[in-house]
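Text of the file my_file17.csv, holding CSV, C-alpha atoms and all ligand atoms:
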```csv
chain,number,residue,atom,x,y,z
A,1,LYS,CA,18.0,173.0,74.3
A,2,THR,CA,18.3,174.3,77.9
A,3,ALA,CA,19.3,172.3,80.9
A,4,SER,CA,15.9,172.3,82.4
A,5,ALA,CA,13.9,171.6,79.3
A,6,ALA,CA,12.1,168.3,79.6
A,7,PRO,CA,11.7,166.1,76.5
A,8,SER,CA,8.7,167.2,74.5
A,9,ASP,CA,7.2,164.0,73.1
A,10,GLY,CA,5.0,161.8,75.2
A,11,LEU,CA,7.3,158.7,75.3
A,12,ALA,CA,10.3,160.8,76.3
A,13,VAL,CA,8.3,162.6,79.1
A,14,LEU,CA,7.4,159.2,80.5
A,15,GLU,CA,11.0,158.0,80.3
A,16,HIS,CA,12.1,161.2,82.0
A,17,LYS,CA,9.6,160.7,84.9
A,18,ARG,CA,10.6,157.1,85.3
A,19,SER,CA,14.3,157.8,85.4
A,20,THR,CA,14.0,160.7,87.8
A,21,ALA,CA,11.6,158.9,90.0
A,22,GLU,CA,13.8,155.9,90.4
A,23,THR,CA,15.2,155.4,93.9
A,24,PHE,CA,19.0,155.4,93.7
A,25,GLY,CA,20.8,153.3,96.2
A,26,ILE,CA,23.1,155.2,98.5
A,27,PRO,CA,26.7,155.2,97.2
A,28,LEU,CA,29.4,153.2,98.9
A,29,ALA,CA,31.9,156.1,99.0
A,30,VAL,CA,31.5,159.8,99.7
A,31,LEU,CA,34.0,162.6,99.4
A,32,ALA,CA,34.2,165.0,102.4
A,33,GLU,CA,35.8,168.3,101.5
A,34,LEU,CA,36.7,169.4,104.9
A,35,THR,CA,38.0,172.8,103.9
A,36,HIS,CA,38.9,174.8,100.8
A,37,ARG,CA,42.0,176.2,102.5
A,38,CYS,CA,45.3,175.0,100.9
A,39,PRO,CA,49.0,175.8,101.2
A,40,LEU,CA,49.6,175.0,97.5
A,41,GLN,CA,48.7,177.3,94.6
A,42,CYS,CA,48.3,174.7,91.8
A,43,PRO,CA,47.3,176.3,88.5
A,44,TYR,CA,45.3,173.1,87.7
A,45,CYS,CA,43.1,173.4,90.9
A,46,SER,CA,39.6,172.1,90.0
A,47,ASN,CA,37.9,173.6,93.0
A,48,PRO,CA,35.3,176.3,92.2
A,49,ILE,CA,36.5,179.9,91.5
A,50,GLU,CA,34.4,181.0,94.6
A,51,LEU,CA,35.7,179.1,97.6
A,52,ASP,CA,33.9,178.4,100.9
A,53,ARG,CA,35.4,180.6,103.6
A,54,ALA,CA,36.9,179.1,106.8
A,55,SER,CA,34.1,180.8,108.8
A,56,SER,CA,31.4,178.9,106.8
A,57,GLU,CA,33.0,175.4,107.3
A,58,LEU,CA,31.1,172.7,109.1
A,59,THR,CA,32.1,172.5,112.7
A,60,THR,CA,33.7,169.4,114.3
A,61,GLU,CA,30.4,168.4,115.7
A,62,GLU,CA,28.6,168.9,112.4
A,63,TRP,CA,31.1,166.7,110.6
A,64,LYS,CA,30.8,164.0,113.2
A,65,LYS,CA,27.0,164.1,112.8
A,66,VAL,CA,27.4,163.8,109.0
A,67,LEU,CA,29.8,160.8,109.4
A,68,SER,CA,27.4,159.0,111.7
A,69,GLU,CA,24.6,159.6,109.3
A,70,LEU,CA,26.6,158.4,106.4
A,71,ALA,CA,27.5,155.2,108.2
A,72,GLU,CA,23.8,154.7,109.2
A,73,ILE,CA,22.6,154.9,105.7
A,74,GLY,CA,25.1,152.4,104.4
A,75,VAL,CA,28.1,154.4,103.2
A,76,LEU,CA,31.3,152.3,103.6
A,77,GLN,CA,34.1,154.7,102.7
A,78,ILE,CA,34.9,158.3,103.5
A,79,HIS,CA,37.5,160.2,101.5
A,80,PHE,CA,38.8,163.2,103.5
A,81,SER,CA,39.8,165.9,101.0
A,82,GLY,CA,39.9,169.6,100.4
A,83,GLY,CA,41.6,172.0,99.7
A,84,GLU,CA,44.0,170.5,102.1
A,85,PRO,CA,42.2,168.4,104.8
A,86,THR,CA,45.2,168.5,107.2
A,87,ALA,CA,44.6,172.3,107.5
A,88,ARG,CA,41.8,171.3,109.9
A,89,LYS,CA,43.0,170.9,113.4
A,90,ASP,CA,40.3,168.4,114.2
A,91,LEU,CA,41.3,165.9,111.5
A,92,VAL,CA,42.5,163.3,114.0
A,93,GLU,CA,39.2,163.6,115.9
A,94,LEU,CA,37.2,163.2,112.6
A,95,VAL,CA,39.2,160.2,111.5
A,96,GLN,CA,38.7,158.6,115.0
A,97,HIS,CA,35.0,159.2,114.7
A,98,ALA,CA,34.9,157.7,111.2
A,99,THR,CA,36.6,154.6,112.7
A,100,ASP,CA,34.2,154.5,115.6
A,101,VAL,CA,31.2,154.5,113.3
A,102,GLY,CA,32.7,151.8,111.0
A,103,LEU,CA,33.8,153.8,108.0
A,104,TYR,CA,36.9,153.0,106.0
A,105,SER,CA,38.8,156.3,105.8
A,106,ASN,CA,41.1,157.7,103.1
A,107,LEU,CA,43.2,160.9,103.4
A,108,ILE,CA,43.6,162.8,100.1
A,109,THR,CA,46.4,165.2,100.8
A,110,SER,CA,49.2,167.4,99.5
A,111,ALA,CA,51.2,166.2,102.6
A,112,VAL,CA,53.0,169.5,103.1
A,113,LEU,CA,51.4,170.3,106.4
A,114,LEU,CA,52.0,166.8,107.9
A,115,ASN,CA,54.7,165.8,110.3
A,116,ARG,CA,55.5,162.3,111.5
A,117,GLU,CA,53.7,162.8,114.8
A,118,LYS,CA,50.5,163.9,113.2
A,119,LEU,CA,50.6,161.1,110.6
A,120,SER,CA,51.2,158.6,113.4
A,121,ALA,CA,48.2,160.0,115.4
A,122,LEU,CA,46.0,159.6,112.3
A,123,ALA,CA,47.2,156.0,111.9
A,124,ASP,CA,46.4,155.4,115.6
A,125,ALA,CA,42.9,156.9,115.0
A,126,GLY,CA,42.3,154.2,112.4
A,127,LEU,CA,43.2,156.0,109.1
A,128,CYS,CA,43.1,153.2,106.4
A,129,HIS,CA,44.8,154.8,103.4
A,130,VAL,CA,46.8,157.8,102.3
A,131,GLN,CA,46.8,159.4,98.8
A,132,ILE,CA,49.5,162.0,98.2
A,133,SER,CA,49.5,164.3,95.2
A,134,PHE,CA,52.8,164.9,93.3
A,135,GLN,CA,53.5,167.6,90.8
A,136,GLY,CA,56.6,166.0,89.2
A,137,ASN,CA,59.5,163.7,90.2
A,138,GLU,CA,62.0,166.4,91.3
A,139,PRO,CA,61.8,169.8,93.0
A,140,ILE,CA,62.5,172.1,90.1
A,141,VAL,CA,59.4,171.3,88.1
A,142,ALA,CA,57.3,170.0,91.0
A,143,ASP,CA,57.7,173.1,93.3
A,144,ARG,CA,57.2,175.5,90.4
A,145,VAL,CA,53.8,173.8,89.6
A,146,ALA,CA,52.8,173.6,93.3
A,147,GLY,CA,53.8,177.2,93.9
A,148,LEU,CA,55.5,176.2,97.1
A,149,LYS,CA,59.2,175.9,97.9
A,150,ASN,CA,60.4,172.5,99.3
A,151,ALA,CA,57.0,171.0,98.7
A,152,HIS,CA,58.4,168.0,96.8
A,153,GLU,CA,61.0,167.1,99.4
A,154,LYS,CA,58.2,167.2,102.1
A,155,LYS,CA,55.9,165.0,100.0
A,156,LEU,CA,58.7,162.3,99.6
A,157,GLU,CA,59.3,162.4,103.4
A,158,VAL,CA,55.6,162.0,104.2
A,159,ALA,CA,55.3,159.2,101.6
A,160,LYS,CA,58.1,157.3,103.4
A,161,TRP,CA,56.5,157.8,106.8
A,162,THR,CA,53.2,156.5,105.4
A,163,ARG,CA,54.8,153.2,104.4
A,164,GLU,CA,56.8,153.0,107.7
A,165,LEU,CA,53.5,153.3,109.5
A,166,ASP,CA,52.2,150.4,107.3
A,167,LEU,CA,49.5,152.5,105.7
A,168,PRO,CA,48.7,151.8,102.0
A,169,LEU,CA,49.8,154.6,99.7
A,170,THR,CA,48.5,156.0,96.4
A,171,VAL,CA,50.6,158.4,94.4
A,172,ASN,CA,48.4,160.8,92.5
A,173,ALA,CA,50.4,162.5,89.7
A,174,VAL,CA,48.6,165.3,88.0
A,175,MET,CA,50.0,165.5,84.5
A,176,HIS,CA,50.0,168.2,81.8
A,177,ARG,CA,52.2,169.6,79.1
A,178,GLN,CA,54.9,171.0,81.5
A,179,ASN,CA,55.5,167.7,83.4
A,180,LEU,CA,54.6,164.9,81.0
A,181,HIS,CA,58.2,164.4,80.1
A,182,GLN,CA,58.8,163.2,83.7
A,183,LEU,CA,56.3,160.4,83.5
A,184,PRO,CA,58.8,157.5,83.3
A,185,ASP,CA,60.6,158.9,86.4
A,186,ILE,CA,57.3,159.5,88.2
A,187,ILE,CA,56.4,155.8,87.7
A,188,GLN,CA,59.8,154.8,89.1
A,189,MET,CA,59.4,157.2,92.0
A,190,ALA,CA,56.1,155.5,92.9
A,191,VAL,CA,57.8,152.1,92.8
A,192,ASP,CA,60.7,153.4,95.0
A,193,LEU,CA,58.2,154.8,97.5
A,194,ASP,CA,56.5,151.4,97.7
A,195,ALA,CA,53.2,152.8,96.6
A,196,ASP,CA,50.3,150.4,95.9
A,197,ARG,CA,48.8,152.5,93.2
A,198,LEU,CA,49.7,155.3,90.9
A,199,GLU,CA,47.1,157.6,89.4
A,200,VAL,CA,48.3,159.2,86.2
A,201,ALA,CA,45.7,161.9,86.1
A,202,ASN,CA,45.7,164.3,83.1
A,203,VAL,CA,44.4,167.7,84.1
A,204,GLN,CA,40.6,168.2,83.8
A,205,TYR,CA,39.7,171.8,82.9
A,206,TYR,CA,37.1,172.8,85.5
A,207,GLY,CA,37.2,175.6,88.1
A,208,TRP,CA,40.5,177.4,88.3
A,209,ALA,CA,42.2,175.0,85.8
A,210,LEU,CA,40.2,176.4,82.9
A,211,LYS,CA,42.1,179.7,83.4
A,212,ASN,CA,45.4,177.9,82.8
A,213,ARG,CA,44.3,175.7,80.0
A,214,ALA,CA,46.8,177.1,77.5
A,215,ALA,CA,49.7,176.6,79.9
A,216,LEU,CA,48.7,173.0,80.7
A,217,MET,CA,47.3,171.5,77.5
A,218,PRO,CA,49.5,168.7,76.3
A,219,THR,CA,50.2,168.1,72.6
A,220,LEU,CA,48.6,165.2,70.8
A,221,GLU,CA,52.1,163.6,70.4
A,222,GLN,CA,52.6,163.8,74.2
A,223,ILE,CA,49.4,162.0,74.8
A,224,GLU,CA,50.2,159.3,72.4
A,225,GLU,CA,53.6,158.8,74.0
A,226,THR,CA,51.9,158.8,77.5
A,227,SER,CA,49.6,156.0,76.5
A,228,ARG,CA,52.5,154.0,75.3
A,229,ILE,CA,54.5,154.6,78.5
A,230,VAL,CA,51.5,153.7,80.7
A,231,ASP,CA,50.7,150.5,78.8
A,232,GLU,CA,54.3,149.4,79.0
A,233,ALA,CA,54.7,150.2,82.7
A,234,ALA,CA,51.3,148.6,83.6
A,235,THR,CA,52.5,145.3,82.0
A,236,ARG,CA,56.0,145.4,83.5
A,237,LEU,CA,54.9,146.3,87.0
A,238,LYS,CA,51.9,144.0,87.2
A,239,GLY,CA,51.6,142.8,90.9
A,240,ILE,CA,54.0,145.6,92.0
A,241,LEU,CA,52.2,148.9,91.2
A,242,ALA,CA,48.6,149.3,89.9
A,243,ILE,CA,48.4,152.2,87.5
A,244,ASP,CA,45.2,154.1,86.8
A,245,TYR,CA,45.2,156.4,83.7
A,246,VAL,CA,42.9,159.3,83.2
A,247,VAL,CA,43.0,160.4,79.5
A,248,PRO,CA,42.6,164.1,78.8
A,249,ASP,CA,39.1,164.8,77.7
A,250,TYR,CA,39.8,167.1,74.8
A,251,TYR,CA,41.7,164.4,72.8
A,252,ALA,CA,39.2,161.6,73.6
A,253,LEU,CA,36.8,160.1,71.2
A,254,ARG,CA,34.0,159.7,73.7
A,255,PRO,CA,33.7,161.4,77.0
A,256,LYS,CA,34.4,159.9,80.4
A,257,LYS,CA,31.5,158.6,82.5
A,258,CYS,CA,32.0,161.4,84.9
A,259,MET,CA,31.3,160.5,88.5
A,260,GLY,CA,29.9,157.2,87.2
A,261,GLY,CA,26.9,159.3,85.9
A,262,TRP,CA,25.3,162.3,87.7
A,263,GLY,CA,23.7,161.2,90.9
A,264,ARG,CA,24.3,157.5,90.3
A,265,GLN,CA,27.3,156.4,92.3
A,266,PHE,CA,28.8,159.3,94.2
A,267,PHE,CA,28.3,162.4,96.1
A,268,ASN,CA,30.4,165.1,97.7
A,269,ILE,CA,30.0,167.3,100.8
A,270,SER,CA,31.4,170.8,100.5
A,271,PRO,CA,33.3,172.5,103.3
A,272,ALA,CA,30.1,174.5,104.1
A,273,GLY,CA,28.0,171.3,104.0
A,274,LYS,CA,26.4,171.4,100.6
A,275,VAL,CA,25.6,168.0,99.2
A,276,LEU,CA,26.9,167.9,95.6
A,277,PRO,CA,26.8,165.4,92.7
A,278,CYS,CA,30.5,166.2,92.1
A,279,HIS,CA,33.1,168.6,93.5
A,280,ALA,CA,32.8,171.1,90.6
A,281,ALA,CA,29.0,171.1,90.6
A,282,GLU,CA,28.7,174.5,92.2
A,283,SER,CA,30.3,176.0,89.0
A,284,ILE,CA,27.0,175.3,87.2
A,285,THR,CA,24.8,178.3,87.7
A,286,GLY,CA,21.0,177.8,88.1
A,287,LEU,CA,21.3,174.7,90.3
A,288,ASP,CA,20.5,174.9,94.0
A,289,PHE,CA,22.1,172.5,96.3
A,290,GLU,CA,20.7,171.3,99.6
A,291,SER,CA,22.8,171.5,102.8
A,292,VAL,CA,23.4,169.0,105.6
A,293,ARG,CA,22.4,171.9,107.7
A,294,SER,CA,18.9,171.8,106.2
A,295,ASN,CA,16.0,169.8,107.7
A,296,HIS,CA,16.4,167.1,105.1
A,297,SER,CA,18.3,163.9,105.7
A,298,ILE,CA,21.3,163.1,103.5
A,299,ALA,CA,19.4,160.1,102.0
A,300,TRP,CA,16.5,162.4,101.2
A,301,ILE,CA,18.8,164.9,99.5
A,302,TRP,CA,20.4,162.1,97.4
A,303,GLN,CA,17.1,160.7,96.3
A,304,ASN,CA,14.8,163.7,96.0
A,305,SER,CA,16.7,166.9,95.6
A,306,GLU,CA,16.2,168.8,92.4
A,307,ALA,CA,19.9,169.2,91.7
A,308,PHE,CA,20.5,165.4,91.9
A,309,ASN,CA,17.5,164.6,89.7
A,310,ARG,CA,18.1,167.3,87.1
A,311,TYR,CA,20.7,165.2,85.1
A,312,ARG,CA,20.2,161.8,86.6
A,313,GLY,CA,19.6,158.9,84.2
A,314,THR,CA,18.9,159.6,80.5
A,315,GLY,CA,15.6,161.4,80.4
A,316,TRP,CA,17.1,164.9,80.4
A,317,MET,CA,19.3,164.2,77.4
A,318,PRO,CA,19.2,166.2,74.2
A,319,GLU,CA,20.3,164.8,70.8
A,320,PRO,CA,22.8,163.3,70.0
A,321,CYS,CA,22.9,161.6,73.4
A,322,LYS,CA,19.1,160.9,73.5
A,323,SER,CA,19.2,158.4,70.7
A,324,CYS,CA,22.8,157.3,71.1
A,325,GLU,CA,23.8,153.7,71.9
A,326,PHE,CA,26.3,154.8,74.5
A,327,ARG,CA,23.8,156.9,76.6
A,328,GLU,CA,23.8,154.4,79.4
A,329,ILE,CA,27.5,153.8,79.2
A,330,ASP,CA,28.8,157.4,79.6
A,331,PHE,CA,25.6,159.2,80.6
A,332,GLY,CA,26.5,162.0,78.2
A,333,GLY,CA,29.9,162.7,79.8
A,334,CYS,CA,30.5,165.6,82.3
A,335,ARG,CA,27.9,168.2,83.2
A,336,CYS,CA,30.4,170.6,84.5
A,337,GLN,CA,32.5,170.4,81.3
A,338,ALA,CA,29.4,170.9,79.2
A,339,PHE,CA,28.5,174.0,81.2
A,340,ALA,CA,32.1,175.4,81.1
A,341,LEU,CA,32.4,174.9,77.4
A,342,THR,CA,28.9,175.5,76.1
A,343,GLY,CA,27.2,177.5,78.8
A,344,ASP,CA,24.5,174.9,79.3
A,345,ALA,CA,25.1,171.8,81.5
A,346,GLY,CA,22.2,170.1,79.6
A,347,ASN,CA,24.3,169.8,76.4
A,348,THR,CA,26.3,166.9,75.3
A,349,ASP,CA,29.8,167.0,76.7
A,350,PRO,CA,32.0,168.5,73.9
A,351,ALA,CA,34.6,165.9,74.6
A,352,CYS,CA,32.3,163.6,72.6
A,353,THR,CA,33.1,163.4,68.9
A,354,LEU,CA,29.3,163.4,68.2
A,355,SER,CA,28.9,166.8,69.9
A,356,PRO,CA,28.6,169.7,67.4
A,357,MET,CA,31.2,171.5,69.5
A,358,HIS,CA,33.8,168.7,69.5
A,359,GLU,CA,35.7,169.8,66.4
A,360,LYS,CA,36.2,173.3,67.8
A,361,ILE,CA,37.5,172.2,71.2
A,362,PHE,CA,39.9,169.6,69.6
A,363,LYS,CA,41.3,172.4,67.4
A,364,ASP,CA,41.5,174.8,70.4
A,365,ALA,CA,43.5,172.2,72.3
A,366,GLU,CA,45.9,171.6,69.5
A,367,ARG,CA,46.4,175.4,68.9
A,368,GLU,CA,46.9,176.1,72.6
A,369,ALA,CA,49.4,173.3,73.1
A,370,ALA,CA,51.4,174.4,70.0
A,371,ALA,CA,51.6,178.1,71.3
A,372,HIS,CA,53.9,177.1,74.2
A,373,GLN,CA,52.4,179.8,76.5
A,374,ASP,CA,54.0,178.4,79.7
A,375,ARG,CA,53.2,181.1,82.3
A,376,PHE,CA,50.9,179.9,85.2
A,377,LEU,CA,48.1,181.8,86.8
A,378,TYR,CA,48.5,180.5,90.3
A,379,ARG,CA,45.6,179.8,92.6
A,380,ASN,CA,46.3,182.2,95.3
A,381,PHE,CA,44.8,181.4,98.7
A,382,ALA,CA,46.3,184.6,100.3
A,383,GLY,CA,44.2,186.9,102.3
A,384,GLY,CA,44.8,184.9,105.4
A,385,THR,CA,42.8,181.8,104.4
A,386,LEU,CA,45.3,179.4,105.9
A,387,GLU,CA,45.9,181.5,108.9
A,388,THR,CA,42.2,182.3,109.4
A,389,GLU,CA,40.9,179.7,111.8
A,390,GLY,CA,37.3,178.7,111.7
A,391,GLU,CA,35.3,179.6,114.8
A,392,HIS,CA,35.4,175.9,115.7
A,393,GLY,CA,39.2,175.9,115.7
A,394,ALA,CA,39.7,173.9,112.5
A,401,LIG,FE1,27.9,159.6,75.1
A,401,LIG,FE2,26.1,161.4,74.2
A,401,LIG,FE3,28.4,161.1,72.9
A,401,LIG,FE4,26.6,159.2,72.8
A,401,LIG,S1,26.4,161.3,72.0
A,401,LIG,S2,28.8,158.9,73.1
A,401,LIG,S3,25.7,159.3,74.9
A,401,LIG,S4,28.2,161.8,75.1
A,402,LIG,FE1,30.9,167.7,87.6
A,402,LIG,FE2,31.9,166.0,85.7
A,402,LIG,S1,33.0,167.3,87.2
A,402,LIG,S2,29.9,166.2,86.4
```

As a first step, turn the structure in this file into structure tokens.
Ligand code: SF4
Ligand code: FES
Amino acid sequence: KTASAAPSDGLAVLEHKRSTAETFGIPLAVLAELTHRCPLQCPYCSNPIELDRASSELTTEEWKKVLSELAEIGVLQIHFSGGEPTARKDLVELVQHATDVGLYSNLITSAVLLNREKLSALADAGLCHVQISFQGNEPIVADRVAGLKNAHEKKLEVAKWTRELDLPLTVNAVMHRQNLHQLPDIIQMAVDLDADRLEVANVQYYGWALKNRAALMPTLEQIEETSRIVDEAATRLKGILAIDYVVPDYYALRPKKCMGGWGRQFFNISPAGKVLPCHAAESITGLDFESVRSNHSIAWIWQNSEAFNRYRGTGWMPEPCKSCEFREIDFGGCRCQAFALTGDAGNTDPACTLSPMHEKIFKDAEREAAAHQDRFLYRNFAGGTLETEGEHGA
């Protein structure tokens, strides 16, 4: 069954029309990817293979207009992300504008481009929360994964400044076969940094990360041990550190409810202004995404655009999802993963044990993890991307 095929029997057609015609309330939170430029070279980068160039990025004035529009239509939180959002020189101005229009702002950063003065200016502009990614708990592993010397020390420094400025802090630890052994120390590092929250996020294999799957895939034993460590720490640190745990898809029994369901709770704005159901959506070929530069309002794009409605609800589903009792719980899993692994975003996510592809991907994962191929293919942003300034001076 292809992604665009509508259900053939009458009842299913009716259901399809009903679910796609429903008006979906505007989400409370939106991810603003200010730029794809980034000083790190993480092999697990989930951004698309084709990145937006600096010259195509929305200008300061365009982003301000977007922020105002988001606030007007009822969005409450804006997550400034990238790439590396601090690569934009107008970040303080954008945070100030978010504050002025009443948005709660979160900065999702690798931290390596920040100094204390800049962080302090962001706090003064009303920044509400900081999330810093960590690649390990010490420089040897962490800097190797990030592909940048001294990155880990810089992150520790910025995390300390964050708390000194009284900003809430989330530590985001991206985990895989080559750093899972550090998890107990990463949990302690988050406690020592006085973080409020730790995200233990196993790598998801979209975009660039898929190229490095064999080097990153954990073993089943590692995942069982990770679950045990997370459970123990969550109980021990109750009231001190909240821990979120993202299980690796390939070893799961059922898929994650990706993005809370396609076009249900979330959208993303790309550096060039495309409104996307998720940050990896552009990896799905055959879908056209509307831009904030078009004549349509963001609310119209969310409710009416073809890309949002294609996989919204349950009407698009093939079997086994179509008649599955979990179809309104996980909404068939992740469209980007279904596309990456089956070539059709309209298929059941192979992370699901009921998918005919599940057995194969589980076996692939086990085989790749056992092969111990540890060499990374780094995401290389060379070619002047960091140095190339957008016309608007970002
Ligand atoms: Fe979810 Fe589809 Fe699997 Fe059912 S068959 S659990 S709806 S992915
Ligand atoms: Fe795109 Fe899951 S990452 S739907």

Completion exercise
The residue from A:Gly147, A:Pro277, A:Pro255, A:Pro271 with the smallest atom-to-atom distance to ligand LIG 401 (chain A), counting only C-alpha atoms and all ligand atoms, is A:Pro255

Problem - 12 Å contact set for A:Glu72, all atoms listed in the file, chain neighbours under 3 positions out, as a PyMOL selection string - result: chain A and resi 26+28+65-69+75-76+98+101-103+297-299

Produce a table with one row for each residue of stretch 192-270 of chain A that has an atom at most 6 Å from any atom of stretch 160-180 of chain A, each row naming the nearest atom pair and its distance in Å at one decimal; use all atoms listed in the file; arrange rows by chain and rising residue number; format as CSV.
```
residue,atom,partner,partner_atom,distance
A:Ala195,CA,A:Leu169,CA,4.9
A:Asp196,CA,A:Leu169,CA,5.7
A:Arg197,CA,A:Thr170,CA,4.8
A:Leu198,CA,A:Val171,CA,4.8
A:Glu199,CA,A:Asn172,CA,4.6
A:Val200,CA,A:Ala173,CA,5.2
A:Ala201,CA,A:Val174,CA,4.9
A:Asn202,CA,A:Met175,CA,4.7
A:Leu216,CA,A:His176,CA,5.1
A:Met217,CA,A:Arg177,CA,5.5
A:Pro218,CA,A:Arg177,CA,4.0
```

Practice task
Find the residues near ligand LIG 402 (chain A). Use a cut-off of 7 Å, count all atoms listed in the file, and write them as a list of chain:residue names.
Solution key: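 Sorted by chain and then by number, the residues are A:Cys258, A:Met259, A:Trp262, A:Pro277, A:Cys278, A:His279, A:Ala280, A:Ala281, A:Cys334, A:Arg335, A:Cys336, A:Gln337.
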
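Taking atom CA of A:Ser46 as the reference point, atom CA of A:Ala233 is found at 27.6 Å.
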
Practice task
Find the residues near A:Ala151: any atom within 10 Å, counting all atoms listed in the file, skip ones fewer than 5 places away on the same chain, and give them as a ChimeraX atom specification.
Solution key: /A:39-40,110-113,134-135,139,142-144,146,156

Fill in the blank from the handout: One decimal place gives the atom CA of A:Phe266-atom CA of A:Gln204 separation as 18.1 Å
